[in-house]
Amino acid sequence: MDLDMAQVRAFVRTAEELHFGRAAGTLDVSQQALSKRIARLESLLGTRLFERGGNGVRLTGSGRRFLAPARQALAAADTAVAAAVGNDRPLRVDVWGHLYAPMRTLAQVAGEAGELVSGHGRDLPSVTEALLRGDIDAAIGRVHPPLRAGLTHRLVRLEPVDAVLGTDHPLAAEPSLRPDRLRDSVLWAPGPLDRLDFLHRFADRFGIRDRAASVNLGLAHFLGEVAADPRRFSLLPADVPLPEVPGLRSVPLVDPTPLYAWSLLWRTGSGHPGLHGLTAACAAEARRSRWLEYDPARDWLPEPPGH
């Protein structure tokens, strides 16, 4: 049985969107063309892959079983194409967690990784969808569970985190702080805390009861809100350059030092030749700059470091 990759891609995209119109839009085909591809695939396989009803579309048992190997088949096809075209197409790399300036990490390895084209990811879910669709080849940001099937990630950097607070905050004059000393302060977050895994886990671990969310309008605006209230604080990786916001101070956190984990994320089975160069460049920079140092007696991570 020979599978038509266009039909398999139509199935996978529809399985991800669970909506024929949206899936067709992402593939830049008409909904009618998408439906025909799936119907032909179902005819070839001799089984229905989707149940269509008034409440939308959902996978049948056969569709659920077919999804993972279908993704693997697409990845293998993409690998074959990448091997044939070589380095003609640059590696498309996205980032997320923009408030924490992930481009700093990418910029430090880009020169050794070859030609890269950056994207405009918003968060881990949107980057995940772009990877699974094949719109991008890799991404850098903080990975946290649950991670979708069909993706691989590798830890590339552990970055110490500072507390950022206004100069009127009672602890602003301290040379360093233990995280639990912020217990009576308000953790100011750039969005709903349930979507900001690192901040959420930090608050739970160190007993930060008072938490409030802002709207992410950029780092300068966000830190201006922190500086405006003597009870507020937030967290930023120590290497993030602070904008010129009056009345703002960054204080190192110690005993333990929280570490923000940056990972490289890509689609399992991706054969783009630039991906090897990027992973090698990240590993080399980690050795030079000691990016992956971790001492459980001195540092804190939401989960143990791993690849």
# chains A, B, ... in the order shown; residues from 1 in each chain; ligands from 1
call {"tool": "residues_around", "arguments": {"residues": "Glu17 in chain A", "least_positions_apart": "6", "cutoff": "10 Å", "atoms": "only C-alpha atoms", "output": "compact mmCIF listing (two decimals) with all heavy atoms, in the first residue's frame"}}
result
# COMPACT_ATOMS: atom_id res chain seq x y z
N PHE A 11 -4.57 14.66 6.73
CA PHE A 11 -5.11 13.96 7.91
C PHE A 11 -4.48 14.51 9.19
O PHE A 11 -5.19 14.83 10.16
CB PHE A 11 -4.84 12.46 7.80
CG PHE A 11 -4.95 11.76 9.12
CD1 PHE A 11 -6.19 11.51 9.70
CD2 PHE A 11 -3.81 11.38 9.82
CE1 PHE A 11 -6.29 10.90 10.94
CE2 PHE A 11 -3.90 10.77 11.06
CZ PHE A 11 -5.15 10.52 11.62
N ALA A 23 -7.85 23.61 9.23
CA ALA A 23 -6.80 22.76 8.68
C ALA A 23 -6.53 23.11 7.22
O ALA A 23 -5.37 23.19 6.79
CB ALA A 23 -7.20 21.29 8.80
N ALA A 24 -7.58 23.33 6.45
CA ALA A 24 -7.41 23.70 5.04
C ALA A 24 -6.66 25.02 4.93
O ALA A 24 -5.79 25.18 4.06
CB ALA A 24 -8.78 23.80 4.36
N THR A 26 -4.43 26.30 6.97
CA THR A 26 -3.00 26.16 7.27
C THR A 26 -2.24 25.49 6.14
O THR A 26 -1.03 25.69 5.99
CB THR A 26 -2.78 25.35 8.57
OG1 THR A 26 -3.25 24.02 8.38
CG2 THR A 26 -3.49 26.00 9.74
N VAL A 57 -15.59 17.78 14.57
CA VAL A 57 -14.87 16.62 14.06
C VAL A 57 -14.08 15.99 15.19
O VAL A 57 -13.51 16.70 16.03
CB VAL A 57 -13.90 17.04 12.93
CG1 VAL A 57 -13.17 15.83 12.37
CG2 VAL A 57 -14.65 17.76 11.83
N ARG A 58 -14.05 14.68 15.23
CA ARG A 58 -13.19 14.00 16.20
C ARG A 58 -12.64 12.73 15.57
O ARG A 58 -13.20 12.19 14.61
CB ARG A 58 -13.94 13.68 17.49
CG ARG A 58 -15.13 12.77 17.31
CD ARG A 58 -15.79 12.51 18.65
NE ARG A 58 -16.93 11.61 18.54
CZ ARG A 58 -17.61 11.15 19.57
NH1 ARG A 58 -17.27 11.51 20.79
NH2 ARG A 58 -18.64 10.33 19.37
N GLU A 129 2.61 23.99 17.79
CA GLU A 129 1.78 23.81 16.59
C GLU A 129 2.58 24.10 15.32
O GLU A 129 2.46 23.38 14.32
CB GLU A 129 0.56 24.73 16.66
CG GLU A 129 -0.44 24.37 17.75
CD GLU A 129 -1.08 23.01 17.54
OE1 GLU A 129 -1.11 22.53 16.39
OE2 GLU A 129 -1.55 22.43 18.53
call {"tool": "residues_around", "arguments": {"residues": "range 195-203 of chain A", "least_positions_apart": "2", "cutoff": "9 Å", "atoms": "only C-alpha atoms", "output": "list in words"}}
result
Arg142, His144, Pro179, Arg183, Leu187, Ala189, Pro190, Gly191, Pro192, Leu193, Arg205, Phe206, Gly207, Ile208, Arg209, Asp210, Arg211, Ser234, Leu235, Pro258, Tyr260, Leu301 and Pro302 of chain A
call {"tool": "select_by_dssp", "arguments": {"residues": "range 55-175 of chain A", "states": "alpha helix (DSSP H)", "output": "PyMOL selection string"}}
result
chain A and resi 61-85+103-113+124-133
call {"tool": "residues_around", "arguments": {"residues": "Ala172 in chain A", "least_positions_apart": "3", "cutoff": "12 Å", "atoms": "only C-alpha atoms", "output": "list in words"}}
result
Ala163, Val164, Leu165, Gly166, Thr167, Asp168, His169, Pro175, Ser176, Leu177, Arg181, Leu182, Ser185, Ala227, Pro230, Arg231, Arg232, Phe233, Gly247, Leu248, Arg249, Ser250, Val251 and Pro252 of chain A
call {"tool": "residues_around", "arguments": {"residues": "range 107-120 of chain A", "least_positions_apart": "5", "cutoff": "6 Å", "atoms": "only C-alpha atoms", "output": "compact mmCIF listing (two decimals) with all heavy atoms, in the first residue's frame"}}
result
# COMPACT_ATOMS: atom_id res chain seq x y z
N PRO A 90 17.53 27.67 4.58
CA PRO A 90 18.07 27.89 5.93
C PRO A 90 17.16 27.29 6.99
O PRO A 90 15.96 27.08 6.76
CB PRO A 90 18.13 29.42 6.05
CG PRO A 90 17.14 29.92 5.05
CD PRO A 90 17.15 28.92 3.92
N LEU A 91 17.74 27.01 8.13
CA LEU A 91 16.99 26.49 9.26
C LEU A 91 16.07 27.58 9.80
O LEU A 91 16.51 28.70 10.08
CB LEU A 91 17.97 26.04 10.36
CG LEU A 91 17.40 25.21 11.50
CD1 LEU A 91 17.05 23.81 11.02
CD2 LEU A 91 18.41 25.14 12.65
N ARG A 92 14.79 27.25 9.96
CA ARG A 92 13.81 28.22 10.48
C ARG A 92 13.67 28.00 11.99
O ARG A 92 13.20 26.94 12.42
CB ARG A 92 12.47 28.04 9.78
CG ARG A 92 12.53 28.25 8.27
CD ARG A 92 11.31 27.70 7.58
NE ARG A 92 11.19 26.26 7.78
CZ ARG A 92 10.23 25.51 7.28
NH1 ARG A 92 9.30 26.05 6.53
NH2 ARG A 92 10.19 24.20 7.51
N VAL A 93 14.09 28.98 12.76
CA VAL A 93 14.14 28.86 14.22
C VAL A 93 13.24 29.91 14.84
O VAL A 93 13.31 31.09 14.50
CB VAL A 93 15.57 29.02 14.76
CG1 VAL A 93 15.61 28.80 16.26
CG2 VAL A 93 16.51 28.05 14.07
N ASP A 94 12.40 29.48 15.77
CA ASP A 94 11.53 30.40 16.49
C ASP A 94 11.96 30.46 17.94
O ASP A 94 12.77 29.66 18.41
CB ASP A 94 10.07 29.94 16.39
CG ASP A 94 9.11 31.11 16.30
OD1 ASP A 94 9.45 32.19 16.81
OD2 ASP A 94 8.01 30.95 15.74
N GLY A 277 23.97 21.35 13.12
CA GLY A 277 24.86 22.47 13.37
C GLY A 277 24.42 23.31 14.55
O GLY A 277 25.24 23.77 15.35
N LEU A 278 23.10 23.51 14.68
CA LEU A 278 22.60 24.31 15.79
C LEU A 278 22.79 23.59 17.12
O LEU A 278 23.22 24.21 18.11
CB LEU A 278 21.12 24.63 15.56
CG LEU A 278 20.43 25.46 16.65
CD1 LEU A 278 21.17 26.78 16.87
CD2 LEU A 278 18.97 25.71 16.30
N ALA A 281 26.44 23.79 18.00
CA ALA A 281 26.83 25.13 18.44
C ALA A 281 26.36 25.40 19.87
O ALA A 281 27.08 26.01 20.67
CB ALA A 281 26.25 26.17 17.49
call {"tool": "closest_residue", "arguments": {"among": "A:Ala10, A:Leu3, A:Leu27, A:Cys282", "to": "Arg154 in chain A", "atoms": "only C-alpha atoms"}}
result
A:Cys282
